[in-house]
file query-v4.cif (mmCIF, N, CA and C atoms)
data_structure
#
loop_
_atom_site.group_PDB
_atom_site.id
_atom_site.type_symbol
_atom_site.label_atom_id
_atom_site.label_comp_id
_atom_site.auth_asym_id
_atom_site.auth_seq_id
_atom_site.Cartn_x
_atom_site.Cartn_y
_atom_site.Cartn_z
ATOM 1 N N MET E 1 -87.064 19.477 121.610
ATOM 2 C CA MET E 1 -86.197 20.023 122.614
ATOM 3 C C MET E 1 -85.328 18.935 123.264
ATOM 4 N N GLU E 2 -85.902 17.720 123.350
ATOM 5 C CA GLU E 2 -85.153 16.639 123.949
ATOM 6 C C GLU E 2 -83.919 16.289 123.129
ATOM 7 N N THR E 3 -84.002 16.353 121.837
ATOM 8 C CA THR E 3 -82.856 16.013 121.020
ATOM 9 C C THR E 3 -81.743 17.016 121.213
ATOM 10 N N SER E 4 -82.093 18.249 121.384
ATOM 11 C CA SER E 4 -81.026 19.215 121.590
ATOM 12 C C SER E 4 -80.375 19.015 122.953
ATOM 13 N N ILE E 5 -81.127 18.618 123.966
ATOM 14 C CA ILE E 5 -80.531 18.355 125.284
ATOM 15 C C ILE E 5 -79.682 17.095 125.182
ATOM 16 N N ASN E 6 -80.192 16.066 124.499
ATOM 17 C CA ASN E 6 -79.400 14.841 124.314
ATOM 18 C C ASN E 6 -78.130 15.143 123.534
ATOM 19 N N ASP E 7 -78.254 15.980 122.515
ATOM 20 C CA ASP E 7 -77.071 16.355 121.732
ATOM 21 C C ASP E 7 -76.048 17.088 122.604
ATOM 22 N N LYS E 8 -76.549 17.990 123.424
ATOM 23 C CA LYS E 8 -75.641 18.738 124.309
ATOM 24 C C LYS E 8 -74.959 17.799 125.303
ATOM 25 N N ILE E 9 -75.733 16.853 125.837
ATOM 26 C CA ILE E 9 -75.166 15.886 126.793
ATOM 27 C C ILE E 9 -74.097 15.040 126.085
ATOM 28 N N HIS E 10 -74.419 14.574 124.861
ATOM 29 C CA HIS E 10 -73.445 13.780 124.104
ATOM 30 C C HIS E 10 -72.208 14.619 123.776
ATOM 31 N N GLU E 11 -72.413 15.883 123.434
ATOM 32 C CA GLU E 11 -71.282 16.773 123.153
ATOM 33 C C GLU E 11 -70.391 16.916 124.384
ATOM 34 N N LYS E 12 -71.049 17.144 125.531
ATOM 35 C CA LYS E 12 -70.272 17.287 126.782
ATOM 36 C C LYS E 12 -69.529 15.995 127.089
ATOM 37 N N ILE E 13 -70.190 14.861 126.965
ATOM 38 C CA ILE E 13 -69.550 13.576 127.254
ATOM 39 C C ILE E 13 -68.397 13.339 126.280
ATOM 40 N N ASN E 14 -68.637 13.591 124.991
ATOM 41 C CA ASN E 14 -67.576 13.432 124.001
ATOM 42 C C ASN E 14 -66.419 14.391 124.297
ATOM 43 N N GLY E 15 -66.726 15.624 124.696
ATOM 44 C CA GLY E 15 -65.679 16.585 125.071
ATOM 45 C C GLY E 15 -64.867 16.085 126.249
ATOM 46 N N TRP E 16 -65.564 15.538 127.255
ATOM 47 C CA TRP E 16 -64.854 15.002 128.420
ATOM 48 C C TRP E 16 -63.995 13.796 128.032
ATOM 49 N N LEU E 17 -64.557 12.937 127.167
ATOM 50 C CA LEU E 17 -63.796 11.767 126.711
ATOM 51 C C LEU E 17 -62.559 12.200 125.932
ATOM 52 N N ASN E 18 -62.718 13.222 125.070
ATOM 53 C CA ASN E 18 -61.557 13.744 124.336
ATOM 54 C C ASN E 18 -60.520 14.314 125.297
ATOM 55 N N LYS E 19 -60.992 15.066 126.288
ATOM 56 C CA LYS E 19 -60.060 15.632 127.274
ATOM 57 C C LYS E 19 -59.385 14.515 128.072
ATOM 58 N N LEU E 20 -60.146 13.471 128.419
ATOM 59 C CA LEU E 20 -59.590 12.344 129.151
ATOM 60 C C LEU E 20 -58.543 11.622 128.298
ATOM 61 N N ASP E 21 -58.836 11.413 127.010
ATOM 62 C CA ASP E 21 -57.877 10.798 126.103
ATOM 63 C C ASP E 21 -56.609 11.654 126.001
ATOM 64 N N HIS E 22 -56.817 12.967 125.868
ATOM 65 C CA HIS E 22 -55.667 13.881 125.788
ATOM 66 C C HIS E 22 -54.849 13.824 127.082
ATOM 67 N N PHE E 23 -55.558 13.803 128.209
ATOM 68 C CA PHE E 23 -54.869 13.719 129.496
ATOM 69 C C PHE E 23 -54.081 12.415 129.607
ATOM 70 N N GLN E 24 -54.674 11.292 129.183
ATOM 71 C CA GLN E 24 -53.982 10.009 129.225
ATOM 72 C C GLN E 24 -52.767 10.013 128.306
ATOM 73 N N LEU E 25 -52.908 10.639 127.143
ATOM 74 C CA LEU E 25 -51.789 10.753 126.227
ATOM 75 C C LEU E 25 -50.662 11.564 126.861
ATOM 76 N N GLN E 26 -51.005 12.701 127.445
ATOM 77 C CA GLN E 26 -50.007 13.540 128.099
ATOM 78 C C GLN E 26 -49.347 12.799 129.260
ATOM 79 N N LEU E 27 -50.148 12.062 130.010
ATOM 80 C CA LEU E 27 -49.616 11.282 131.126
ATOM 81 C C LEU E 27 -48.632 10.227 130.616
ATOM 82 N N SER E 28 -48.986 9.542 129.540
ATOM 83 C CA SER E 28 -48.088 8.532 128.963
ATOM 84 C C SER E 28 -46.813 9.172 128.451
ATOM 85 N N LEU E 29 -46.957 10.316 127.773
ATOM 86 C CA LEU E 29 -45.766 11.012 127.277
ATOM 87 C C LEU E 29 -44.890 11.471 128.437
ATOM 88 N N GLY E 30 -45.510 11.993 129.485
ATOM 89 C CA GLY E 30 -44.752 12.421 130.666
ATOM 90 C C GLY E 30 -44.052 11.256 131.323
ATOM 91 N N LYS E 31 -44.733 10.124 131.365
ATOM 92 C CA LYS E 31 -44.142 8.928 131.951
ATOM 93 C C LYS E 31 -42.929 8.484 131.131
ATOM 94 N N MET E 32 -43.040 8.532 129.806
ATOM 95 C CA MET E 32 -41.931 8.160 128.937
ATOM 96 C C MET E 32 -40.781 9.148 129.101
ATOM 97 N N GLU E 33 -41.102 10.440 129.185
ATOM 98 C CA GLU E 33 -40.051 11.443 129.392
ATOM 99 C C GLU E 33 -39.372 11.233 130.730
ATOM 100 N N ALA E 34 -40.175 10.908 131.756
ATOM 101 C CA ALA E 34 -39.594 10.662 133.075
ATOM 102 C C ALA E 34 -38.666 9.446 133.033
ATOM 103 N N LYS E 35 -39.072 8.391 132.324
ATOM 104 C CA LYS E 35 -38.216 7.204 132.199
ATOM 105 C C LYS E 35 -36.919 7.559 131.480
ATOM 106 N N ASP E 36 -37.047 8.349 130.393
ATOM 107 C CA ASP E 36 -35.853 8.763 129.646
ATOM 108 C C ASP E 36 -34.925 9.596 130.522
ATOM 109 N N GLU E 37 -35.493 10.530 131.270
ATOM 110 C CA GLU E 37 -34.678 11.387 132.140
ATOM 111 C C GLU E 37 -34.031 10.559 133.243
ATOM 112 N N TYR E 38 -34.775 9.604 133.806
ATOM 113 C CA TYR E 38 -34.217 8.718 134.830
ATOM 114 C C TYR E 38 -33.043 7.926 134.273
ATOM 115 N N ALA E 39 -33.211 7.385 133.057
ATOM 116 C CA ALA E 39 -32.124 6.614 132.438
ATOM 117 C C ALA E 39 -30.915 7.511 132.196
ATOM 118 N N LYS E 40 -31.169 8.740 131.763
ATOM 119 C CA LYS E 40 -30.074 9.686 131.514
ATOM 120 C C LYS E 40 -29.327 9.998 132.817
ATOM 121 N N GLN E 41 -30.063 10.292 133.883
ATOM 122 C CA GLN E 41 -29.438 10.603 135.165
ATOM 123 C C GLN E 41 -28.693 9.392 135.728
ATOM 124 N N LYS E 42 -29.275 8.211 135.543
ATOM 125 C CA LYS E 42 -28.633 6.981 136.016
ATOM 126 C C LYS E 42 -27.303 6.768 135.300
ATOM 127 N N LYS E 43 -27.267 6.998 133.967
ATOM 128 C CA LYS E 43 -26.036 6.853 133.208
ATOM 129 C C LYS E 43 -25.005 7.886 133.664
ATOM 130 N N MET E 44 -25.444 9.124 133.882
ATOM 131 C CA MET E 44 -24.523 10.156 134.343
ATOM 132 C C MET E 44 -23.931 9.780 135.702
ATOM 133 N N LEU E 45 -24.768 9.267 136.598
ATOM 134 C CA LEU E 45 -24.287 8.846 137.913
ATOM 135 C C LEU E 45 -23.300 7.696 137.780
ATOM 136 N N HIS E 46 -23.622 6.731 136.931
ATOM 137 C CA HIS E 46 -22.726 5.590 136.716
ATOM 138 C C HIS E 46 -21.382 6.066 136.179
ATOM 139 N N ASP E 47 -21.419 6.960 135.183
ATOM 140 C CA ASP E 47 -20.172 7.480 134.604
ATOM 141 C C ASP E 47 -19.355 8.244 135.648
ATOM 142 N N SER E 48 -20.043 9.048 136.458
ATOM 143 C CA SER E 48 -19.343 9.821 137.500
ATOM 144 C C SER E 48 -18.712 8.895 138.529
ATOM 145 N N LEU E 49 -19.445 7.881 138.950
ATOM 146 C CA LEU E 49 -18.903 6.928 139.920
ATOM 147 C C LEU E 49 -17.692 6.203 139.346
ATOM 148 N N HIS E 50 -17.779 5.811 138.084
ATOM 149 C CA HIS E 50 -16.653 5.142 137.433
ATOM 150 C C HIS E 50 -15.433 6.059 137.422
ATOM 151 N N GLN E 51 -15.655 7.322 137.094
ATOM 152 C CA GLN E 51 -14.546 8.287 137.068
ATOM 153 C C GLN E 51 -13.964 8.481 138.468
ATOM 154 N N TYR E 52 -14.820 8.585 139.495
ATOM 155 C CA TYR E 52 -14.336 8.757 140.867
ATOM 156 C C TYR E 52 -13.526 7.549 141.320
ATOM 157 N N ILE E 53 -13.979 6.356 140.936
ATOM 158 C CA ILE E 53 -13.252 5.140 141.312
ATOM 159 C C ILE E 53 -11.881 5.123 140.663
ATOM 160 N N GLN E 54 -11.815 5.489 139.377
ATOM 161 C CA GLN E 54 -10.521 5.540 138.701
ATOM 162 C C GLN E 54 -9.606 6.571 139.355
ATOM 163 N N THR E 55 -10.160 7.724 139.717
ATOM 164 C CA THR E 55 -9.364 8.769 140.366
ATOM 165 C C THR E 55 -8.844 8.275 141.711
ATOM 166 N N ALA E 56 -9.702 7.608 142.476
ATOM 167 C CA ALA E 56 -9.287 7.077 143.779
ATOM 168 C C ALA E 56 -8.192 6.035 143.612
ATOM 169 N N GLU E 57 -8.330 5.170 142.603
ATOM 170 C CA GLU E 57 -7.301 4.162 142.366
ATOM 171 C C GLU E 57 -5.978 4.823 141.966
ATOM 172 N N HIS E 58 -6.063 5.893 141.176
ATOM 173 C CA HIS E 58 -4.849 6.619 140.784
ATOM 174 C C HIS E 58 -4.186 7.219 142.022
ATOM 175 N N PHE E 59 -4.996 7.864 142.882
ATOM 176 C CA PHE E 59 -4.433 8.448 144.101
ATOM 177 C C PHE E 59 -3.844 7.383 145.001
ATOM 178 N N GLU E 60 -4.493 6.223 145.047
ATOM 179 C CA GLU E 60 -3.976 5.114 145.864
ATOM 180 C C GLU E 60 -2.612 4.691 145.341
ATOM 181 N N HIS E 61 -2.487 4.579 144.022
ATOM 182 C CA HIS E 61 -1.213 4.192 143.411
ATOM 183 C C HIS E 61 -0.151 5.254 143.686
ATOM 184 N N VAL E 62 -0.527 6.522 143.513
ATOM 185 C CA VAL E 62 0.412 7.619 143.766
ATOM 186 C C VAL E 62 0.826 7.614 145.232
ATOM 187 N N ALA E 63 -0.154 7.413 146.113
ATOM 188 C CA ALA E 63 0.151 7.399 147.548
ATOM 189 C C ALA E 63 1.099 6.257 147.889
ATOM 190 N N GLU E 64 0.866 5.090 147.293
ATOM 191 C CA GLU E 64 1.757 3.952 147.555
ATOM 192 C C GLU E 64 3.178 4.260 147.111
ATOM 193 N N SER E 65 3.316 4.861 145.942
ATOM 194 C CA SER E 65 4.669 5.166 145.460
ATOM 195 C C SER E 65 5.305 6.252 146.317
ATOM 196 N N LYS E 66 4.511 7.215 146.775
ATOM 197 C CA LYS E 66 5.054 8.266 147.642
ATOM 198 C C LYS E 66 5.472 7.680 148.979
ATOM 199 N N VAL E 67 4.672 6.776 149.520
ATOM 200 C CA VAL E 67 5.015 6.133 150.791
ATOM 201 C C VAL E 67 6.305 5.332 150.626
ATOM 202 N N ALA E 68 6.431 4.623 149.513
ATOM 203 C CA ALA E 68 7.660 3.846 149.270
ATOM 204 C C ALA E 68 8.863 4.779 149.180
ATOM 205 N N ALA E 69 8.702 5.919 148.515
ATOM 206 C CA ALA E 69 9.807 6.881 148.393
ATOM 207 C C ALA E 69 10.166 7.457 149.762
ATOM 208 N N ILE E 70 9.158 7.751 150.575
ATOM 209 C CA ILE E 70 9.412 8.290 151.921
ATOM 210 C C ILE E 70 10.136 7.247 152.777
ATOM 211 N N LYS E 71 9.678 5.992 152.695
ATOM 212 C CA LYS E 71 10.344 4.923 153.460
ATOM 213 C C LYS E 71 11.802 4.790 153.039
ATOM 214 N N GLN E 72 12.055 4.841 151.741
ATOM 215 C CA GLN E 72 13.428 4.725 151.253
ATOM 216 C C GLN E 72 14.273 5.883 151.764
ATOM 217 N N SER E 73 13.717 7.099 151.719
ATOM 218 C CA SER E 73 14.449 8.267 152.216
ATOM 219 C C SER E 73 14.753 8.125 153.704
ATOM 220 N N LEU E 74 13.791 7.634 154.464
ATOM 221 C CA LEU E 74 14.011 7.448 155.903
ATOM 222 C C LEU E 74 15.068 6.382 156.169
ATOM 223 N N ASN E 75 15.030 5.309 155.396
ATOM 224 C CA ASN E 75 16.064 4.270 155.554
ATOM 225 C C ASN E 75 17.442 4.816 155.201
ATOM 226 N N ASP E 76 17.520 5.610 154.137
ATOM 227 C CA ASP E 76 18.797 6.225 153.768
ATOM 228 C C ASP E 76 19.303 7.133 154.885
ATOM 229 N N LEU E 77 18.400 7.903 155.439
ATOM 230 C CA LEU E 77 18.763 8.798 156.532
ATOM 231 C C LEU E 77 19.212 8.005 157.756
ATOM 232 N N LYS E 78 18.508 6.934 158.046
ATOM 233 C CA LYS E 78 18.880 6.068 159.171
ATOM 234 C C LYS E 78 20.286 5.510 158.967
ATOM 235 N N ASN E 79 20.578 5.063 157.762
ATOM 236 C CA ASN E 79 21.907 4.525 157.457
ATOM 237 C C ASN E 79 22.986 5.592 157.625
ATOM 238 N N GLU E 80 22.694 6.814 157.190
ATOM 239 C CA GLU E 80 23.649 7.910 157.362
ATOM 240 C C GLU E 80 23.909 8.178 158.843
ATOM 241 N N PHE E 81 22.847 8.173 159.641
ATOM 242 C CA PHE E 81 23.014 8.395 161.079
ATOM 243 C C PHE E 81 23.843 7.282 161.706
ATOM 244 N N GLN E 82 23.605 6.053 161.266
ATOM 245 C CA GLN E 82 24.389 4.944 161.807
ATOM 246 C C GLN E 82 25.862 5.109 161.456
ATOM 247 N N LYS E 83 26.145 5.505 160.229
ATOM 248 C CA LYS E 83 27.531 5.723 159.823
ATOM 249 C C LYS E 83 28.151 6.837 160.654
ATOM 250 N N ASP E 84 27.399 7.930 160.823
ATOM 251 C CA ASP E 84 27.909 9.048 161.623
ATOM 252 C C ASP E 84 28.123 8.626 163.067
ATOM 253 N N GLU E 85 27.221 7.829 163.594
ATOM 254 C CA GLU E 85 27.333 7.369 164.971
ATOM 255 C C GLU E 85 28.570 6.486 165.129
ATOM 256 N N GLU E 86 28.794 5.590 164.178
ATOM 257 C CA GLU E 86 29.969 4.716 164.241
ATOM 258 C C GLU E 86 31.246 5.545 164.118
ATOM 259 N N ALA E 87 31.221 6.536 163.226
ATOM 260 C CA ALA E 87 32.390 7.396 163.065
ATOM 261 C C ALA E 87 32.634 8.193 164.340
ATOM 262 N N THR E 88 31.564 8.675 164.959
ATOM 263 C CA THR E 88 31.700 9.443 166.196
ATOM 264 C C THR E 88 32.258 8.561 167.305
ATOM 265 N N GLU E 89 31.738 7.353 167.424
ATOM 266 C CA GLU E 89 32.247 6.432 168.442
ATOM 267 C C GLU E 89 33.732 6.135 168.211
ATOM 268 N N LYS E 90 34.094 5.948 166.955
ATOM 269 C CA LYS E 90 35.502 5.676 166.628
ATOM 270 C C LYS E 90 36.376 6.878 166.990
ATOM 271 N N THR E 91 35.877 8.084 166.666
ATOM 272 C CA THR E 91 36.634 9.304 166.982
ATOM 273 C C THR E 91 36.782 9.476 168.484
ATOM 274 N N ILE E 92 35.702 9.227 169.228
ATOM 275 C CA ILE E 92 35.762 9.341 170.698
ATOM 276 C C ILE E 92 36.774 8.337 171.258
ATOM 277 N N LYS E 93 36.734 7.113 170.760
ATOM 278 C CA LYS E 93 37.677 6.095 171.242
ATOM 279 C C LYS E 93 39.118 6.512 170.948
ATOM 280 N N GLU E 94 39.341 7.054 169.724
ATOM 281 C CA GLU E 94 40.699 7.486 169.379
ATOM 282 C C GLU E 94 41.161 8.612 170.310
ATOM 283 N N HIS E 95 40.248 9.584 170.573
ATOM 284 C CA HIS E 95 40.611 10.689 171.469
ATOM 285 C C HIS E 95 40.825 10.193 172.895
ATOM 286 N N LYS E 96 39.999 9.255 173.301
ATOM 287 C CA LYS E 96 40.155 8.695 174.642
ATOM 288 C C LYS E 96 41.518 8.001 174.757
ATOM 289 N N ASP E 97 41.870 7.233 173.731
ATOM 290 C CA ASP E 97 43.174 6.549 173.740
ATOM 291 C C ASP E 97 44.322 7.566 173.778
ATOM 292 N N SER E 98 44.148 8.647 173.030
ATOM 293 C CA SER E 98 45.181 9.696 173.023
ATOM 294 C C SER E 98 45.307 10.325 174.402
ATOM 295 N N VAL E 99 44.185 10.579 175.048
ATOM 296 C CA VAL E 99 44.199 11.192 176.385
ATOM 297 C C VAL E 99 44.831 10.218 177.375
ATOM 298 N N VAL E 100 44.488 8.952 177.278
ATOM 299 C CA VAL E 100 45.058 7.952 178.180
ATOM 300 C C VAL E 100 46.574 7.905 177.995
ATOM 301 N N LYS E 101 47.059 7.946 176.776
ATOM 302 C CA LYS E 101 48.505 7.923 176.510
ATOM 303 C C LYS E 101 49.173 9.167 177.066
ATOM 304 N N LEU E 102 48.509 10.315 176.920
ATOM 305 C CA LEU E 102 49.066 11.549 177.475
ATOM 306 C C LEU E 102 49.171 11.471 178.995
ATOM 307 N N ILE E 103 48.106 10.926 179.597
ATOM 308 C CA ILE E 103 48.109 10.813 181.056
ATOM 309 C C ILE E 103 49.227 9.849 181.488
ATOM 310 N N GLU E 104 49.400 8.802 180.762
ATOM 311 C CA GLU E 104 50.464 7.851 181.106
ATOM 312 C C GLU E 104 51.828 8.480 180.980
ATOM 313 N N LYS E 105 51.987 9.376 180.004
ATOM 314 C CA LYS E 105 53.277 10.055 179.856
ATOM 315 C C LYS E 105 53.504 11.026 180.975
ATOM 316 N N VAL E 106 52.452 11.728 181.332
ATOM 317 C CA VAL E 106 52.602 12.770 182.355
ATOM 318 C C VAL E 106 52.733 12.145 183.723
ATOM 319 N N ALA E 107 51.935 11.175 184.033
ATOM 320 C CA ALA E 107 51.976 10.554 185.348
ATOM 321 C C ALA E 107 52.405 9.098 185.206
ATOM 322 N N PRO E 108 53.718 8.875 185.312
ATOM 323 C CA PRO E 108 54.226 7.504 185.160
ATOM 324 C C PRO E 108 53.923 6.631 186.323
#
call {"tool": "encode", "arguments": {"input": "query-v4.cif", "output": "structure tokens"}}
result
Amino acid sequence: METSINDKIHEKINGWLNKLDHFQLQLSLGKMEAKDEYAKQKKMLHDSLHQYIQTAEHFEHVAESKVAAIKQSLNDLKNEFQKDEEATEKTIKEHKDSVVKLIEKVAP
């Protein structure tokens, strides 16, 4: 009877050892899968960040060119206003001179 109890104990121990080995194998495989998934996610994040940086640099370049175009348009507009202002001043002076001459004719 003792041999059958010893056999059963050895069977149980061997079963537990097999289950422990299987568990360790699964744990190692899970660890490897987790490392692979981490590397995959890290690469995806790196690629996304690289793409975002390129997009930001493109927008920065576009913004700079748009700002330069706006500045040029404002300078052009400023120059037009200056020309109009000078023309207006010249016209006012001419009209003033005409009025002064008329007054001189009327009231000697």
call {"tool": "atom_distance", "arguments": {"input": "query-v4.cif", "atom1": "atom C of Lys31 of chain E", "atom2": "atom N of Leu45 of chain E"}}
result
19.0 Å
call {"tool": "atom_distance", "arguments": {"input": "query-v4.cif", "atom1": "atom C of Ser65 of chain E", "atom2": "atom CA of Ile53 of chain E"}}
result
19.3 Å
call {"tool": "atom_distance", "arguments": {"input": "query-v4.cif", "atom1": "atom C of Leu20 of chain E", "atom2": "atom CA of Met32 of chain E"}}
result
17.0 Å
call {"tool": "axis_aligned_box", "arguments": {"input": "query-v4.cif", "around": "segment 89-94 of chain E", "padding_each_side": "5 Å", "output": "lines of an AutoDock Vina configuration file"}}
result
center_x = 36.4
center_y = 7.6
center_z = 168.9
size_x = 19.4
size_y = 13.8
size_z = 14.6
